[in-house]
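Undergrad: File run-v3.csv follows (CSV, C-alpha atoms and all ligand atoms):
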chain,number,residue,atom,x,y,z
S,163,MET,CA,-44.6,-179.2,-55.1
S,164,LYS,CA,-41.2,-177.7,-56.1
S,165,ASN,CA,-40.5,-174.2,-54.9
S,166,SER,CA,-38.2,-173.4,-57.9
S,167,HIS,CA,-37.6,-169.6,-57.4
S,168,PRO,CA,-37.6,-168.9,-53.7
S,169,GLU,CA,-35.9,-165.6,-54.4
S,170,LEU,CA,-38.9,-164.2,-56.3
S,171,GLU,CA,-40.4,-161.2,-54.5
S,172,LEU,CA,-43.7,-159.4,-54.9
S,173,HIS,CA,-43.6,-155.7,-54.1
S,174,PRO,CA,-46.6,-153.3,-54.1
S,175,LEU,CA,-46.7,-151.3,-57.3
S,176,GLU,CA,-45.2,-147.8,-57.3
S,177,GLU,CA,-45.7,-144.9,-59.8
S,178,HIS,CA,-42.4,-145.6,-61.6
S,179,HIS,CA,-43.5,-149.1,-62.5
S,180,ILE,CA,-46.4,-148.0,-64.7
S,181,SER,CA,-44.4,-147.3,-67.9
S,182,LEU,CA,-42.8,-150.8,-67.5
S,183,ILE,CA,-46.2,-152.5,-67.3
S,184,ASP,CA,-47.4,-150.5,-70.3
S,185,CYS,CA,-44.4,-151.8,-72.2
S,186,TRP,CA,-45.0,-155.4,-71.1
S,187,LEU,CA,-48.7,-155.3,-72.0
S,188,ARG,CA,-47.8,-154.5,-75.6
S,189,LYS,CA,-45.3,-157.3,-76.1
S,190,GLU,CA,-46.1,-160.1,-78.5
S,191,HIS,CA,-46.6,-162.8,-75.9
S,192,ALA,CA,-48.9,-160.6,-73.8
S,193,LYS,CA,-51.0,-158.4,-76.1
S,194,GLN,CA,-53.4,-161.1,-77.3
S,195,TRP,CA,-54.5,-161.7,-73.7
S,196,PHE,CA,-54.5,-158.0,-72.6
S,197,GLN,CA,-56.4,-156.5,-75.6
S,198,ASP,CA,-57.0,-153.1,-74.1
S,199,PRO,CA,-53.7,-152.0,-72.5
S,200,GLU,CA,-55.0,-148.4,-72.0
S,201,GLU,CA,-57.8,-149.8,-69.8
S,202,TRP,CA,-55.4,-151.8,-67.7
S,203,ILE,CA,-53.2,-148.8,-67.3
S,204,ASN,CA,-56.2,-146.6,-66.5
S,205,GLU,CA,-57.1,-148.9,-63.7
S,206,ILE,CA,-53.6,-148.7,-62.3
S,207,ILE,CA,-53.5,-144.9,-62.5
S,208,LYS,CA,-56.8,-144.8,-60.6
S,209,ARG,CA,-55.7,-147.3,-58.0
S,210,ASP,CA,-56.2,-144.9,-55.1
S,211,SER,CA,-59.8,-143.9,-56.2
S,212,GLU,CA,-62.1,-145.8,-58.6
S,213,PHE,CA,-60.0,-148.9,-58.7
S,214,SER,CA,-58.8,-149.0,-55.1
S,215,PHE,CA,-60.1,-152.6,-54.7
S,216,LEU,CA,-57.4,-153.8,-57.1
S,217,LYS,CA,-54.1,-154.7,-55.3
S,218,HIS,CA,-51.2,-154.6,-57.8
S,219,PHE,CA,-47.7,-156.1,-57.4
S,220,ILE,CA,-44.5,-156.0,-59.3
S,221,VAL,CA,-42.6,-159.2,-59.4
S,222,TYR,CA,-38.8,-159.1,-58.8
S,223,SER,CA,-36.2,-161.8,-59.5
S,224,ASP,CA,-32.9,-160.9,-58.0
S,225,ASN,CA,-33.8,-157.2,-57.9
S,226,LYS,CA,-35.0,-157.1,-61.5
S,227,PRO,CA,-38.6,-156.4,-62.3
S,228,ILE,CA,-39.9,-159.3,-64.5
S,229,GLY,CA,-43.7,-159.1,-64.3
S,230,PHE,CA,-46.8,-158.0,-62.6
S,231,CYS,CA,-49.9,-159.4,-60.9
S,232,GLN,CA,-52.9,-158.3,-59.0
S,233,PHE,CA,-55.8,-159.6,-56.9
S,234,TYR,CA,-59.3,-158.3,-56.1
S,235,LEU,CA,-62.4,-159.4,-54.3
S,236,CYS,CA,-64.8,-160.6,-57.0
S,237,ALA,CA,-67.8,-158.8,-55.5
S,238,ASP,CA,-66.0,-155.5,-55.9
S,239,ALA,CA,-65.5,-156.0,-59.6
S,240,ASP,CA,-68.9,-157.5,-60.0
S,241,GLU,CA,-67.9,-159.4,-63.2
S,242,GLU,CA,-70.7,-161.6,-64.6
S,243,GLU,CA,-68.4,-164.6,-64.9
S,244,PHE,CA,-67.9,-164.8,-61.1
S,245,ARG,CA,-71.4,-163.9,-59.9
S,246,MET,CA,-72.3,-167.5,-59.2
S,247,PHE,CA,-69.6,-167.7,-56.4
S,248,PRO,CA,-70.1,-166.5,-52.8
S,249,LYS,CA,-69.7,-162.8,-52.5
S,250,GLU,CA,-67.7,-163.2,-49.3
S,251,GLY,CA,-64.2,-164.6,-49.6
S,252,THR,CA,-64.1,-165.1,-53.4
S,253,TYR,CA,-61.1,-163.4,-55.0
S,254,SER,CA,-59.6,-163.4,-58.5
S,255,ILE,CA,-56.1,-162.8,-59.8
S,256,ASP,CA,-54.4,-161.5,-63.0
S,257,TYR,CA,-50.8,-162.1,-63.9
S,258,LEU,CA,-48.1,-161.5,-66.5
S,259,ILE,CA,-44.4,-162.4,-66.9
S,260,GLY,CA,-43.4,-159.3,-68.9
S,261,GLU,CA,-39.8,-160.1,-69.7
S,262,GLU,CA,-39.6,-162.7,-72.4
S,263,ASP,CA,-36.3,-164.2,-71.1
S,264,TYR,CA,-38.1,-165.3,-68.0
S,265,LEU,CA,-40.9,-167.2,-69.7
S,266,GLY,CA,-41.1,-171.0,-69.4
S,267,LYS,CA,-38.7,-171.2,-66.4
S,268,GLY,CA,-41.0,-171.6,-63.5
S,269,PHE,CA,-41.3,-167.9,-62.6
S,270,GLY,CA,-45.0,-167.7,-63.6
S,271,LYS,CA,-45.9,-170.6,-61.3
S,272,GLU,CA,-43.9,-169.2,-58.4
S,273,MET,CA,-45.4,-165.8,-58.9
S,274,ILE,CA,-48.9,-167.3,-58.7
S,275,LEU,CA,-48.1,-169.4,-55.7
S,276,LYS,CA,-46.8,-166.3,-53.9
S,277,LEU,CA,-49.8,-164.2,-54.9
S,278,CYS,CA,-52.2,-166.9,-53.7
S,279,SER,CA,-50.4,-166.9,-50.4
S,280,ILE,CA,-50.9,-163.1,-50.1
S,281,VAL,CA,-54.6,-163.5,-50.8
S,282,PHE,CA,-55.1,-166.5,-48.5
S,283,ASN,CA,-53.3,-164.8,-45.6
S,284,LYS,CA,-56.2,-162.4,-45.6
S,285,ASP,CA,-58.7,-163.5,-42.9
S,286,ASP,CA,-61.8,-163.2,-45.1
S,287,SER,CA,-60.4,-165.1,-48.2
S,288,LYS,CA,-61.8,-168.5,-49.0
S,289,MET,CA,-61.2,-169.2,-52.6
S,290,ILE,CA,-59.6,-167.8,-55.8
S,291,VAL,CA,-61.3,-168.2,-59.2
S,292,VAL,CA,-59.7,-167.4,-62.5
S,293,LYS,CA,-61.2,-167.6,-66.0
S,294,PRO,CA,-58.4,-167.5,-68.6
S,295,ASP,CA,-59.4,-167.5,-72.3
S,296,ASN,CA,-60.2,-170.9,-73.6
S,297,ASP,CA,-57.2,-170.9,-76.0
S,298,ASN,CA,-54.7,-169.4,-73.5
S,299,PHE,CA,-53.0,-172.8,-73.0
S,300,LEU,CA,-50.0,-171.4,-71.0
S,301,SER,CA,-52.3,-169.6,-68.5
S,302,ARG,CA,-54.4,-172.7,-68.0
S,303,THR,CA,-51.3,-174.8,-67.6
S,304,VAL,CA,-49.7,-172.6,-65.0
S,305,LEU,CA,-52.9,-172.5,-63.0
S,306,THR,CA,-53.0,-176.3,-62.9
S,307,SER,CA,-49.4,-176.3,-62.1
S,308,ALA,CA,-50.0,-174.0,-59.1
S,309,GLY,CA,-52.7,-176.3,-57.7
S,310,PHE,CA,-55.9,-174.9,-59.2
S,311,SER,CA,-58.6,-177.3,-60.3
S,312,PHE,CA,-60.7,-176.9,-63.4
S,313,ASP,CA,-64.4,-176.4,-62.6
S,314,LYS,CA,-66.0,-177.6,-65.8
S,315,ALA,CA,-69.5,-176.5,-64.9
S,316,HIS,CA,-68.5,-172.9,-64.7
S,317,ASN,CA,-65.5,-173.0,-67.0
S,318,VAL,CA,-63.2,-171.5,-64.3
S,319,TYR,CA,-60.1,-172.5,-62.4
S,320,LEU,CA,-60.6,-172.7,-58.7
S,321,LEU,CA,-58.3,-172.9,-55.6
S,322,LEU,CA,-59.4,-173.3,-52.0
S,323,LYS,CA,-57.4,-171.9,-49.1
S,324,ASN,CA,-56.8,-175.2,-47.4
S,325,ALA,CA,-55.7,-176.9,-50.6
S,326,HIS,CA,-53.2,-174.1,-51.3
S,327,PHE,CA,-51.5,-174.2,-47.9
S,328,LYS,CA,-51.5,-178.0,-48.1
S,329,ASN,CA,-49.8,-177.8,-51.5
S,330,ILE,CA,-47.1,-175.3,-50.5
S,331,ASN,CA,-46.3,-177.1,-47.2
S,332,GLN,CA,-45.6,-180.2,-49.2
S,333,SER,CA,-42.9,-178.4,-51.3
I,401,LIG,C1,-49.1,-167.6,-68.3
I,401,LIG,C2,-47.7,-167.2,-67.8
I,401,LIG,C3,-47.8,-166.4,-66.6
I,401,LIG,C4,-47.0,-168.6,-67.4
I,401,LIG,O1,-45.7,-168.2,-66.9
I,401,LIG,P1,-44.3,-169.0,-67.2
I,401,LIG,O2,-43.3,-168.5,-66.3
I,401,LIG,O3,-44.1,-168.9,-68.7
I,401,LIG,O4,-44.8,-170.5,-66.9
I,401,LIG,P2,-43.9,-171.5,-66.0
I,401,LIG,O5,-42.5,-171.6,-66.5
I,401,LIG,O6,-44.1,-171.2,-64.5
I,401,LIG,O7,-44.6,-172.9,-66.4
I,401,LIG,C5,-45.9,-173.3,-65.8
I,401,LIG,C6,-46.3,-174.6,-66.4
I,401,LIG,O8,-46.5,-174.5,-67.8
I,401,LIG,C7,-45.6,-175.3,-68.5
I,401,LIG,N1,-45.1,-174.6,-69.7
I,401,LIG,C8,-44.4,-173.4,-69.6
I,401,LIG,N2,-44.1,-173.0,-70.9
I,401,LIG,C9,-44.6,-173.9,-71.7
I,401,LIG,C10,-44.6,-174.1,-73.1
I,401,LIG,N3,-44.0,-173.2,-73.9
I,401,LIG,N4,-45.1,-175.3,-73.6
I,401,LIG,C11,-45.7,-176.2,-72.8
I,401,LIG,N5,-45.8,-176.1,-71.5
I,401,LIG,C12,-45.2,-175.0,-70.9
I,401,LIG,C13,-44.5,-175.7,-67.6
I,401,LIG,O9,-43.9,-176.9,-67.9
I,401,LIG,C14,-45.2,-175.7,-66.3
I,401,LIG,O10,-45.9,-176.9,-66.0
I,401,LIG,P3,-45.3,-178.0,-65.0
I,401,LIG,O11,-45.2,-177.2,-63.6
I,401,LIG,O12,-46.4,-179.0,-65.0
I,401,LIG,O13,-44.0,-178.4,-65.5
I,401,LIG,C15,-46.8,-166.5,-68.9
I,401,LIG,O14,-46.8,-167.4,-70.0
I,401,LIG,C16,-47.4,-165.2,-69.3
I,401,LIG,O15,-47.1,-164.2,-68.7
I,401,LIG,N6,-48.2,-165.2,-70.4
I,401,LIG,C17,-48.8,-163.9,-70.9
I,401,LIG,C18,-49.8,-163.3,-70.0
I,401,LIG,C19,-51.0,-164.2,-69.7
I,401,LIG,O16,-51.4,-165.0,-70.5
I,401,LIG,N7,-51.6,-164.0,-68.5
I,401,LIG,C20,-52.7,-164.7,-68.1
I,401,LIG,C21,-54.0,-164.0,-68.5
I,401,LIG,S1,-55.4,-164.9,-67.8
Would it be possible to restate this file's structure as structure tokens?
Ligand SMILES: CC(C)(COP(=O)(O)OP(=O)(O)OC[C@H]1O[C@@H](n2cnc3c(N)ncnc32)[C@H](O)[C@@H]1OP(=O)(O)O)[C@@H](O)C(=O)NCCC(=O)NCCS
TA:
Amino acid sequence: MKNSHPELELHPLEEHHISLIDCWLRKEHAKQWFQDPEEWINEIIKRDSEFSFLKHFIVYSDNKPIGFCQFYLCADADEEEFRMFPKEGTYSIDYLIGEEDYLGKGFGKEMILKLCSIVFNKDDSKMIVVKPDNDNFLSRTVLTSAGFSFDKAHNVYLLLKNAHFKNINQS
């Protein structure tokens, strides 16, 4: 697996990033998949209280912020679509390349690989599950590209810890 943007860095979100994320969520390529930007921002604002189980990151390429991503333990969010998976060790992720000039150049894949490594470096993590919209072709493609398998029975994309580290060690 090709590591196309080794310089990409994920930094924990800080207060001054919030307006940038708000702007990205409203962009043409993003807004159909993030239909309620106010709610996404609300979760970020309450990241030290009600939504402290969400771990947000800003993605930098050569010191320029280009996107954002987050992970969480599925059991903490208790979303119906993931209830069939084990409570222990099952995480999910969300992701967005906000800067249009950086789309389609391998940054999304590299961001997801790096986010998955952060999750899988947690001792309790076992798998990551993601359920993109059925018609979000690019999100489905980037997950496959980052090593996820499609679980047809549950209509989710799934990645196991061992498979991830095997993939990235082959790069
Ligand atoms: C989904 C998203 C993160 C993908 O990021 P990206 O940087 O554009 O994608 P990449 O350049 O890393 O490409 C990943 C794969 O998709 C393919 N791809 C990218 N753009 C494509 C396009 N326009 N048409 C066809 N394939 C495309 C690439 O070829 C690559 O596949 P490969 O590794 O087999 O060659 C980005 O499109 C995005 O932020 N979309 C809006 C937010 C969103 O939908 N988030 C997910 C909500 S669940």
Undergrad: Do you know which residues are at most 10 Å from His316 (chain S) counting all atoms listed in the file, after dropping those on the same chain fewer than 6 positions away, and could you put them as a PyMOL selection string?
TA: chain S and resi 243-244+246-247+293
Undergrad: Which residues sit within 7 Å of ligand LIG 401 (chain I), counting only C-alpha atoms and all ligand atoms, listed as a list of chain:residue names?
TA: S:His191, S:Ala192, S:Trp195, S:Asp256, S:Tyr257, S:Leu258, S:Ile259, S:Gly260, S:Tyr264, S:Leu265, S:Gly266, S:Lys267, S:Gly268, S:Phe269, S:Gly270, S:Lys271, S:Glu272, S:Lys293, S:Pro294, S:Asp295, S:Asn298, S:Leu300, S:Ser301, S:Thr303, S:Val304, S:Ser307
Undergrad: What's the separation between CA of Leu216 (chain S) and CA of Ile330 (chain S), in Å to one decimal place?
TA: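 Between CA of Leu216 (chain S) and CA of Ile330 (chain S) the gap works out to 24.7 Å.
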Undergrad: Can you build me a table of region 250-288 of chain S residues sitting at most 8 Å from region 319-324 of chain S, with the closest atom pair per residue and its distance in Å to one decimal, using all atoms listed in the file, sorted by chain and residue number, as a tab-separated table?
TA:
residue	atom	partner	partner_atom	distance
S:Phe282	CA	S:Lys323	CA	5.9
S:Ser287	CA	S:Lys323	CA	7.5
S:Lys288	CA	S:Lys323	CA	5.6
Undergrad: Kindly provide the residues of region 210-237 of chain S that approach region 165-170 of chain S to within 9 Å, each paired with its closest atom pair and their distance in Å to one decimal, based on all atoms listed in the file, listed by chain and increasing number, as a Markdown table.
TA:
| residue | atom | partner | partner_atom | distance |
| --- | --- | --- | --- | --- |
| S:Val221 | CA | S:Leu170 | CA | 6.9 |
| S:Tyr222 | CA | S:Leu170 | CA | 5.7 |
| S:Ser223 | CA | S:Leu170 | CA | 4.8 |
| S:Asp224 | CA | S:Glu169 | CA | 6.6 |
| S:Asn225 | CA | S:Leu170 | CA | 8.8 |
